[in-house]
$ cat final-v6.json   # JSON, C-alpha atoms
[["chain", "number", "residue", "atom", "x", "y", "z"],
["A", 7, "MET", "CA", -41.48, -176.65, -38.78],
["A", 8, "SER", "CA", -44.68, -177.62, -40.64],
["A", 9, "GLU", "CA", -48.19, -176.58, -39.78],
["A", 10, "GLN", "CA", -50.03, -179.55, -41.19],
["A", 11, "ILE", "CA", -49.46, -183.20, -42.01],
["A", 12, "LYS", "CA", -49.83, -184.23, -45.62],
["A", 13, "LYS", "CA", -49.57, -187.59, -47.31],
["A", 14, "PHE", "CA", -46.31, -187.51, -49.28],
["A", 15, "MET", "CA", -45.46, -190.21, -51.80],
["A", 16, "TYR", "CA", -42.14, -190.55, -53.56],
["A", 17, "LEU", "CA", -42.45, -192.44, -56.84],
["A", 18, "ASN", "CA", -39.29, -194.28, -57.82],
["A", 19, "ARG", "CA", -39.52, -195.33, -61.44],
["A", 20, "ARG", "CA", -35.93, -195.65, -62.62],
["A", 21, "ALA", "CA", -33.01, -198.08, -62.23],
["A", 22, "PRO", "CA", -30.57, -197.17, -59.43],
["A", 23, "TYR", "CA", -27.63, -196.51, -61.75],
["A", 24, "GLY", "CA", -27.48, -195.10, -65.27],
["A", 25, "THR", "CA", -29.06, -191.84, -64.17],
["A", 26, "ILE", "CA", -28.89, -189.93, -60.90],
["A", 27, "TYR", "CA", -32.66, -189.77, -60.33],
["A", 28, "ALA", "CA", -32.79, -192.67, -57.85],
["A", 29, "TRP", "CA", -30.00, -191.33, -55.66],
["A", 30, "GLU", "CA", -31.23, -187.75, -55.69],
["A", 31, "SER", "CA", -34.74, -188.99, -54.90],
["A", 32, "LEU", "CA", -33.38, -190.74, -51.83],
["A", 33, "GLU", "CA", -31.71, -187.49, -50.79],
["A", 34, "VAL", "CA", -35.10, -185.75, -50.82],
["A", 35, "VAL", "CA", -36.62, -188.58, -48.77],
["A", 36, "LEU", "CA", -33.91, -188.29, -46.12],
["A", 37, "ILE", "CA", -34.23, -184.51, -45.86],
["A", 38, "GLY", "CA", -38.02, -184.68, -46.04],
["A", 39, "ALA", "CA", -38.15, -187.09, -43.10],
["A", 40, "ALA", "CA", -37.33, -184.15, -40.81],
["A", 41, "PHE", "CA", -40.66, -182.53, -41.73],
["A", 42, "ASP", "CA", -42.78, -185.17, -39.97],
["A", 43, "GLN", "CA", -45.14, -185.80, -42.86],
["A", 44, "ASP", "CA", -46.99, -189.04, -43.64],
["A", 45, "VAL", "CA", -44.41, -190.44, -46.05],
["A", 46, "SER", "CA", -44.49, -193.48, -48.30],
["A", 47, "LEU", "CA", -42.33, -194.65, -51.16],
["A", 48, "ALA", "CA", -43.46, -196.51, -54.26],
["A", 49, "PHE", "CA", -41.18, -198.59, -56.48],
["A", 50, "LEU", "CA", -42.40, -199.40, -59.95],
["A", 51, "ASP", "CA", -41.13, -199.96, -63.48],
["A", 52, "ASP", "CA", -37.29, -200.18, -63.37],
["A", 53, "GLY", "CA", -37.47, -198.53, -59.94],
["A", 54, "VAL", "CA", -37.89, -202.00, -58.41],
["A", 55, "TYR", "CA", -34.20, -202.61, -59.21],
["A", 56, "GLN", "CA", -33.31, -199.99, -56.59],
["A", 57, "LEU", "CA", -34.19, -202.49, -53.86],
["A", 58, "VAL", "CA", -32.48, -205.57, -55.32],
["A", 59, "LYS", "CA", -30.05, -207.11, -52.84],
["A", 60, "GLY", "CA", -26.38, -207.76, -53.49],
["A", 61, "GLN", "CA", -25.74, -204.65, -55.57],
["A", 62, "ASP", "CA", -22.08, -204.38, -56.55],
["A", 63, "THR", "CA", -21.00, -201.24, -58.39],
["A", 64, "ALA", "CA", -17.23, -201.61, -58.03],
["A", 65, "GLU", "CA", -16.63, -202.30, -61.73],
["A", 66, "VAL", "CA", -18.53, -199.24, -62.91],
["A", 67, "ASP", "CA", -16.98, -196.87, -60.35],
["A", 68, "MET", "CA", -20.34, -195.67, -59.06],
["A", 69, "LYS", "CA", -21.20, -195.16, -55.41],
["A", 70, "ASN", "CA", -23.27, -198.11, -54.18],
["A", 71, "PHE", "CA", -25.96, -196.29, -52.25],
["A", 72, "SER", "CA", -28.21, -199.30, -51.65],
["A", 73, "PRO", "CA", -27.23, -199.55, -47.93],
["A", 74, "THR", "CA", -28.97, -196.20, -47.46],
["A", 75, "TYR", "CA", -32.36, -197.88, -47.96],
["A", 76, "GLN", "CA", -31.63, -199.95, -44.82],
["A", 77, "ALA", "CA", -31.49, -196.70, -42.83],
["A", 78, "LEU", "CA", -34.95, -195.52, -43.87],
["A", 79, "GLY", "CA", -36.59, -197.25, -40.91],
["A", 80, "ASP", "CA", -34.50, -195.12, -38.55],
["A", 81, "TYR", "CA", -35.90, -192.04, -40.31],
["A", 82, "ASP", "CA", -39.47, -193.28, -39.68],
["A", 83, "VAL", "CA", -39.89, -194.01, -43.38],
["A", 84, "THR", "CA", -41.58, -197.35, -43.05],
["A", 85, "LYS", "CA", -44.00, -197.69, -45.94],
["A", 86, "LEU", "CA", -42.32, -198.96, -49.09],
["A", 87, "PHE", "CA", -44.78, -200.19, -51.70],
["A", 88, "VAL", "CA", -43.36, -202.35, -54.48],
["A", 89, "GLU", "CA", -45.51, -202.98, -57.52],
["A", 90, "LYS", "CA", -46.11, -206.68, -58.10],
["A", 91, "GLU", "CA", -46.42, -206.48, -61.88],
["A", 92, "SER", "CA", -43.16, -204.53, -62.20],
["A", 93, "LEU", "CA", -41.36, -207.27, -60.26],
["A", 94, "GLU", "CA", -42.92, -210.03, -62.35],
["A", 95, "GLU", "CA", -42.20, -208.31, -65.66],
["A", 96, "ARG", "CA", -38.52, -208.31, -64.69],
["A", 97, "GLY", "CA", -38.41, -211.87, -63.39],
["A", 98, "LEU", "CA", -38.00, -210.71, -59.80],
["A", 99, "THR", "CA", -39.67, -211.81, -56.58],
["A", 100, "LEU", "CA", -39.71, -210.42, -53.04],
["A", 101, "ASP", "CA", -36.80, -212.78, -52.25],
["A", 102, "ASP", "CA", -34.58, -210.82, -54.66],
["A", 103, "LEU", "CA", -35.06, -207.62, -52.65],
["A", 104, "MET", "CA", -33.17, -206.39, -49.60],
["A", 105, "PRO", "CA", -34.99, -207.28, -46.38],
["A", 106, "LEU", "CA", -35.91, -203.82, -45.06],
["A", 107, "THR", "CA", -37.39, -203.54, -41.60],
["A", 108, "TYR", "CA", -38.34, -201.00, -38.96],
["A", 109, "GLU", "CA", -39.08, -201.11, -35.25],
["A", 110, "ASP", "CA", -42.72, -200.30, -34.53],
["A", 111, "GLU", "CA", -42.85, -197.99, -31.52],
["A", 112, "ASP", "CA", -46.62, -198.57, -31.23],
["A", 113, "ASP", "CA", -46.11, -202.31, -30.95],
["A", 114, "ASP", "CA", -43.38, -202.67, -28.31],
["A", 115, "TRP", "CA", -40.67, -201.98, -30.90],
["A", 116, "ALA", "CA", -41.45, -205.18, -32.77],
["A", 117, "GLU", "CA", -39.40, -205.56, -35.94],
["A", 118, "LYS", "CA", -41.62, -205.36, -39.01],
["A", 119, "ASP", "CA", -41.16, -205.45, -42.76],
["A", 120, "SER", "CA", -41.13, -202.07, -44.49],
["A", 121, "ILE", "CA", -41.66, -203.51, -47.97],
["A", 122, "LYS", "CA", -45.17, -204.36, -49.04],
["A", 123, "VAL", "CA", -45.81, -205.83, -52.47],
["A", 124, "VAL", "CA", -49.01, -204.43, -53.96],
["A", 125, "SER", "CA", -50.73, -204.88, -57.30],
["A", 126, "ARG", "CA", -50.82, -202.16, -59.93],
["A", 127, "ALA", "CA", -54.50, -201.56, -59.14],
["A", 128, "GLU", "CA", -53.81, -201.34, -55.39],
["A", 129, "LEU", "CA", -50.96, -198.91, -55.98],
["A", 130, "ALA", "CA", -53.25, -196.74, -58.09],
["A", 131, "ASP", "CA", -55.67, -196.59, -55.15],
["A", 132, "ILE", "CA", -52.84, -195.66, -52.76],
["A", 133, "MET", "CA", -51.71, -192.91, -55.14],
["A", 134, "GLU", "CA", -55.25, -191.58, -55.23],
["A", 135, "GLU", "CA", -55.07, -190.96, -51.46],
["A", 136, "GLN", "CA", -51.93, -188.83, -51.62],
["A", 137, "ASP", "CA", -51.69, -185.06, -51.19],
["A", 138, "VAL", "CA", -48.24, -184.64, -52.73],
["A", 139, "MET", "CA", -46.49, -186.88, -55.25],
["A", 140, "PHE", "CA", -42.80, -186.53, -56.02],
["A", 141, "SER", "CA", -41.96, -188.38, -59.23],
["A", 142, "PHE", "CA", -38.38, -189.50, -59.85],
["B", 20, "MET", "CA", -54.63, -171.56, -56.54],
["B", 21, "LYS", "CA", -51.30, -171.64, -54.75],
["B", 22, "PHE", "CA", -48.80, -173.54, -56.89],
["B", 23, "ALA", "CA", -45.27, -174.78, -56.35],
["B", 24, "ILE", "CA", -43.20, -175.83, -59.35],
["B", 25, "GLN", "CA", -40.43, -178.40, -59.55],
["B", 26, "VAL", "CA", -38.10, -178.42, -62.56],
["B", 27, "ASN", "CA", -36.11, -181.62, -62.98],
["B", 28, "GLU", "CA", -34.40, -181.22, -66.35],
["B", 29, "GLY", "CA", -31.77, -178.94, -67.83],
["B", 30, "PRO", "CA", -32.42, -176.17, -70.35],
["B", 31, "TYR", "CA", -32.24, -176.84, -74.12],
["B", 32, "GLN", "CA", -31.65, -180.59, -73.61],
["B", 33, "HIS", "CA", -35.23, -181.13, -72.57],
["B", 34, "GLN", "CA", -38.50, -179.31, -73.13],
["B", 35, "ALA", "CA", -39.56, -179.81, -69.49],
["B", 36, "THR", "CA", -37.89, -176.57, -68.54],
["B", 37, "ASP", "CA", -39.76, -174.66, -71.30],
["B", 38, "SER", "CA", -43.05, -176.21, -70.22],
["B", 39, "ALA", "CA", -42.35, -175.28, -66.61],
["B", 40, "TYR", "CA", -41.65, -171.70, -67.63],
["B", 41, "GLN", "CA", -44.77, -171.44, -69.80],
["B", 42, "PHE", "CA", -46.91, -172.95, -67.04],
["B", 43, "THR", "CA", -45.47, -170.66, -64.38],
["B", 44, "LYS", "CA", -45.92, -167.59, -66.57],
["B", 45, "ALA", "CA", -49.49, -168.51, -67.48],
["B", 46, "ALA", "CA", -50.37, -169.20, -63.84],
["B", 47, "LEU", "CA", -49.00, -165.84, -62.72],
["B", 48, "GLU", "CA", -50.68, -163.96, -65.58],
["B", 49, "SER", "CA", -53.98, -165.61, -64.65],
["B", 50, "GLY", "CA", -53.69, -164.29, -61.11],
["B", 51, "HIS", "CA", -52.63, -167.51, -59.41],
["B", 52, "GLU", "CA", -49.88, -167.60, -56.84],
["B", 53, "VAL", "CA", -46.62, -169.46, -57.48],
["B", 54, "MET", "CA", -44.98, -169.63, -54.08],
["B", 55, "ARG", "CA", -41.75, -171.22, -55.32],
["B", 56, "VAL", "CA", -39.99, -172.69, -58.33],
["B", 57, "PHE", "CA", -37.54, -175.37, -57.23],
["B", 58, "PHE", "CA", -34.78, -176.54, -59.57],
["B", 59, "TYR", "CA", -33.50, -180.07, -59.01],
["B", 60, "HIS", "CA", -31.37, -182.67, -60.83],
["B", 61, "ASP", "CA", -30.05, -181.11, -64.08],
["B", 62, "GLY", "CA", -32.73, -178.46, -63.62],
["B", 63, "VAL", "CA", -30.14, -176.51, -61.62],
["B", 64, "ASN", "CA", -28.52, -175.63, -64.97],
["B", 65, "ASN", "CA", -31.42, -173.23, -65.54],
["B", 66, "GLY", "CA", -29.66, -170.98, -63.05],
["B", 67, "THR", "CA", -26.24, -170.30, -64.63],
["B", 68, "LYS", "CA", -25.65, -166.84, -66.03],
["B", 69, "LEU", "CA", -22.85, -168.21, -68.23],
["B", 70, "THR", "CA", -25.44, -169.61, -70.65],
["B", 71, "THR", "CA", -25.00, -168.09, -74.12],
["B", 72, "PRO", "CA", -27.56, -169.46, -76.59],
["B", 73, "PRO", "CA", -27.54, -168.41, -80.27],
["B", 74, "GLN", "CA", -29.20, -165.04, -80.76],
["B", 75, "ASP", "CA", -32.10, -166.44, -82.75],
["B", 76, "ASP", "CA", -33.03, -168.83, -79.93],
["B", 77, "ARG", "CA", -34.84, -168.21, -76.66],
["B", 78, "ASN", "CA", -32.67, -167.32, -73.67],
["B", 79, "ILE", "CA", -34.07, -169.68, -71.06],
["B", 80, "VAL", "CA", -32.02, -168.39, -68.14],
["B", 81, "ASN", "CA", -32.75, -164.70, -68.77],
["B", 82, "ARG", "CA", -36.39, -165.55, -69.30],
["B", 83, "TRP", "CA", -36.60, -167.02, -65.79],
["B", 84, "SER", "CA", -34.70, -164.08, -64.28],
["B", 85, "GLU", "CA", -37.06, -161.58, -65.89],
["B", 86, "LEU", "CA", -40.17, -163.49, -64.84],
["B", 87, "ALA", "CA", -38.88, -163.62, -61.27],
["B", 88, "LYS", "CA", -38.18, -159.91, -61.27],
["B", 89, "LYS", "CA", -41.60, -159.03, -62.62],
["B", 90, "TYR", "CA", -43.55, -161.21, -60.17],
["B", 91, "ASP", "CA", -41.11, -161.32, -57.23],
["B", 92, "LEU", "CA", -40.91, -165.07, -57.79],
["B", 93, "ASP", "CA", -38.92, -167.25, -55.38],
["B", 94, "MET", "CA", -36.58, -169.39, -57.54],
["B", 95, "VAL", "CA", -34.53, -171.90, -55.57],
["B", 96, "VAL", "CA", -31.67, -174.03, -56.86],
["B", 97, "CYS", "CA", -30.97, -177.16, -54.80],
["B", 98, "VAL", "CA", -27.58, -176.84, -53.14],
["B", 99, "ALA", "CA", -26.65, -180.52, -53.27],
["B", 100, "ALA", "CA", -27.56, -180.82, -56.95],
["B", 101, "ALA", "CA", -25.87, -177.48, -57.68],
["B", 102, "GLN", "CA", -22.59, -178.46, -56.03],
["B", 103, "ARG", "CA", -22.37, -181.58, -58.21],
["B", 104, "ARG", "CA", -23.03, -179.59, -61.37],
["B", 105, "GLY", "CA", -21.03, -176.45, -60.72],
["B", 106, "ILE", "CA", -23.74, -173.89, -60.03],
["B", 107, "VAL", "CA", -22.18, -171.48, -57.54],
["B", 108, "ASP", "CA", -23.19, -168.29, -55.75],
["B", 109, "GLU", "CA", -21.00, -165.98, -53.69],
["B", 110, "GLY", "CA", -21.49, -167.97, -50.49],
["B", 111, "GLU", "CA", -20.84, -171.34, -52.12],
["B", 112, "MET", "CA", -17.78, -169.91, -53.85],
["B", 113, "GLN", "CA", -16.25, -168.93, -50.54],
["B", 114, "ARG", "CA", -17.38, -172.04, -48.69],
["B", 115, "ASN", "CA", -15.92, -174.41, -51.26],
["B", 116, "GLY", "CA", -12.82, -172.40, -52.14],
["B", 117, "LYS", "CA", -13.78, -171.69, -55.76],
["B", 118, "ASP", "CA", -12.57, -168.70, -57.74],
["B", 119, "ALA", "CA", -15.82, -167.95, -59.55],
["B", 120, "GLU", "CA", -19.56, -167.80, -59.14],
["B", 121, "ASN", "CA", -22.17, -168.15, -61.87],
["B", 122, "ILE", "CA", -25.64, -167.90, -60.34],
["B", 123, "ALA", "CA", -28.05, -165.93, -62.54],
["B", 124, "ASP", "CA", -30.12, -162.97, -61.31],
["B", 125, "ASN", "CA", -33.02, -163.74, -59.00],
["B", 126, "PHE", "CA", -32.03, -167.36, -58.39],
["B", 127, "ARG", "CA", -30.91, -168.41, -54.93],
["B", 128, "ILE", "CA", -29.21, -171.59, -53.73],
["B", 129, "SER", "CA", -30.80, -173.39, -50.80],
["B", 130, "GLY", "CA", -31.53, -176.84, -49.41],
["B", 131, "LEU", "CA", -33.93, -179.64, -50.28],
["B", 132, "GLY", "CA", -36.02, -178.63, -47.28],
["B", 133, "GLN", "CA", -37.30, -175.81, -49.49],
["B", 134, "LEU", "CA", -38.77, -178.40, -51.86],
["B", 135, "VAL", "CA", -40.46, -180.38, -49.10],
["B", 136, "GLU", "CA", -41.76, -177.15, -47.57],
["B", 137, "ALA", "CA", -43.15, -176.16, -50.97],
["B", 138, "GLY", "CA", -45.01, -179.48, -51.08],
["B", 139, "ILE", "CA", -46.51, -178.79, -47.67],
["B", 140, "GLN", "CA", -47.42, -175.14, -48.16],
["B", 141, "SER", "CA", -48.74, -175.17, -51.73],
["B", 142, "GLU", "CA", -52.08, -176.51, -52.86],
["B", 143, "ARG", "CA", -50.52, -178.14, -55.93],
["B", 144, "LEU", "CA", -46.93, -179.16, -56.53],
["B", 145, "VAL", "CA", -46.44, -179.49, -60.28],
["B", 146, "VAL", "CA", -43.39, -181.50, -61.39],
["B", 147, "PHE", "CA", -41.83, -180.98, -64.82],
["B", 148, "GLY", "CA", -39.54, -183.69, -66.15],
["B", 149, "ASP", "CA", -39.57, -187.21, -67.57]]
$ encode --input "final-v6.json" --output "C-alpha cells"
Amino acid sequence: MSEQIKKFMYLNRRAPYGTIYAWESLEVVLIGAAFDQDVSLAFLDDGVYQLVKGQDTAEVDMKNFSPTYQALGDYDVTKLFVEKESLEERGLTLDDLMPLTYEDEDDDWAEKDSIKVVSRAELADIMEEQDVMFSF
Amino acid sequence: MKFAIQVNEGPYQHQATDSAYQFTKAALESGHEVMRVFFYHDGVNNGTKLTTPPQDDRNIVNRWSELAKKYDLDMVVCVAAAQRRGIVDEGEMQRNGKDAENIADNFRISGLGQLVEAGIQSERLVVFGD
C-alpha cells in the first residue's frame, strides 16, 4: 500500500476525556498501523493521563476507551514514550500507568514493555528524528 | 514542495481553519503542490453546505469549495469524524438511513487511511489546530 517507510510519531498532549482528541488520535493510530510505517507514540502534558490505570468513566457516561491501548501491541505499535517531567508535574509515576506490553517477534516472542519513560530533552531528540508528526 | 494539510478545528469557532485556508491558498498561488486537505475532529464542519454566515462575514465553506474548484484540490472529510458530527454525502445518507445529505461542493468523505497516506506521500504534513 505504501512505497516507503517513514518515521511517524503521534503526539498525545490532552487528557483522555473532556475533549475527543485522545480518542480520535487513537483511531488514527489503529488505522495507520495497516500502513506498515515506523510508528511511535508520545505522551506528554495532560496526555500522560491517557495511560493511567483504573480509569472509570461510568459516572460521566463516556466510553472508557483505555482498554484499547492494551491492544496496540497486537497492531505492532510498540514504542510508547512517556515524558518524565509531565508525569512528575502531575504527581504520577510509572506505577500509576497501565502495564502495556508486546511480544517481540525478533526475540522469540518475549514479552516486553511498550512504555518507555524519557526526559523532556530525550523526547525532543526523538521528535527531531521523525518524518511525520501528528499532533493531538 | 508537496504539502498535505490537516485541519483539526471547526469553522468560525477557531482560527485554525482560516489559517489552514490562507496557507493552502498561498502555497498553491506560489506554485507548490497541495496533494490533499484532510478535515478531522470538528474540522469536518468545514464541509457542510448548510452553513449560513452573516453576509458581512467570510463564507468559510464556500471559500474552500471555490479554492478546490480552481486548483482541483482533493478535500477529504474523515468518515468516522463526520458520522459523529452529522456531515453526510449521498452514499452515507443511504448507508445510514438518513433523509438528507449536506456535503458541500468539492468535498468528499473518506477514511482515515487518506490521512496516513497523505503523511507518507507528501514532503510536509502541516497540521492546523490547537
$ interface_residues --input "final-v6.json" --of "chain A" --to "chain B" --cutoff "7 Å" --atoms "all atoms listed in the file" --output "PyMOL selection string"
chain A and resi 12+34+37-38+138
$ residues_around --input "final-v6.json" --residues "Ser141 (chain A)" --least-positions-apart "4" --cutoff "7 Å" --atoms "all atoms listed in the file" --output "ChimeraX atom specification"
/A:16-18
$ residues_around --input "final-v6.json" --residues "region 49-58 of chain A" --least-positions-apart "3" --cutoff "12 Å" --atoms "only C-alpha atoms" --output "MDAnalysis selection string"
chainID A and resid 15:29 31:32 46 61:62 70:76 85:106 120:126 129:130 141:142
$ residues_around --input "final-v6.json" --residues "Gln102 (chain B)" --least-positions-apart "5" --cutoff "12 Å" --atoms "all atoms listed in the file" --output "VMD selection string"
chain B and resid 59 to 61 63 to 64 96 to 97 107 to 108 110 to 112 114 to 115 117 120 to 122 128 to 130
$ atom_distance --input "final-v6.json" --atom1 "CA of Lys118 (chain A)" --atom2 "CA of Gly60 (chain A)"
21.2 Å
$ axis_aligned_box --input "final-v6.json" --around "region 84-87 of chain B" --padding-each-side "8 Å" --output "lines of an AutoDock Vina configuration file"
center_x = -37.4
center_y = -162.8
center_z = -63.6
size_x = 21.5
size_y = 18.5
size_z = 20.6
$ atom_distance --input "final-v6.json" --atom1 "CA of Asp82 (chain A)" --atom2 "CA of Met54 (chain B)"
28.2 Å
$ atom_distance --input "final-v6.json" --atom1 "CA of His51 (chain B)" --atom2 "CA of Phe22 (chain B)"
7.6 Å
$ residues_near_point --input "final-v6.json" --point "(-29.2, -163.0, -58.4)" --cutoff "10 Å" --atoms "all atoms listed in the file" --output "MDAnalysis selection string"
chainID B and resid 66 68 84 88 94 108:109 121:128
$ residues_around --input "final-v6.json" --residues "region 34-42 of chain B" --least-positions-apart "3" --cutoff "10 Å" --atoms "only C-alpha atoms" --output "number ranges by chain"
B: 24-31, 45-48, 56, 58, 62, 65, 77, 79, 82-83, 86, 145-149
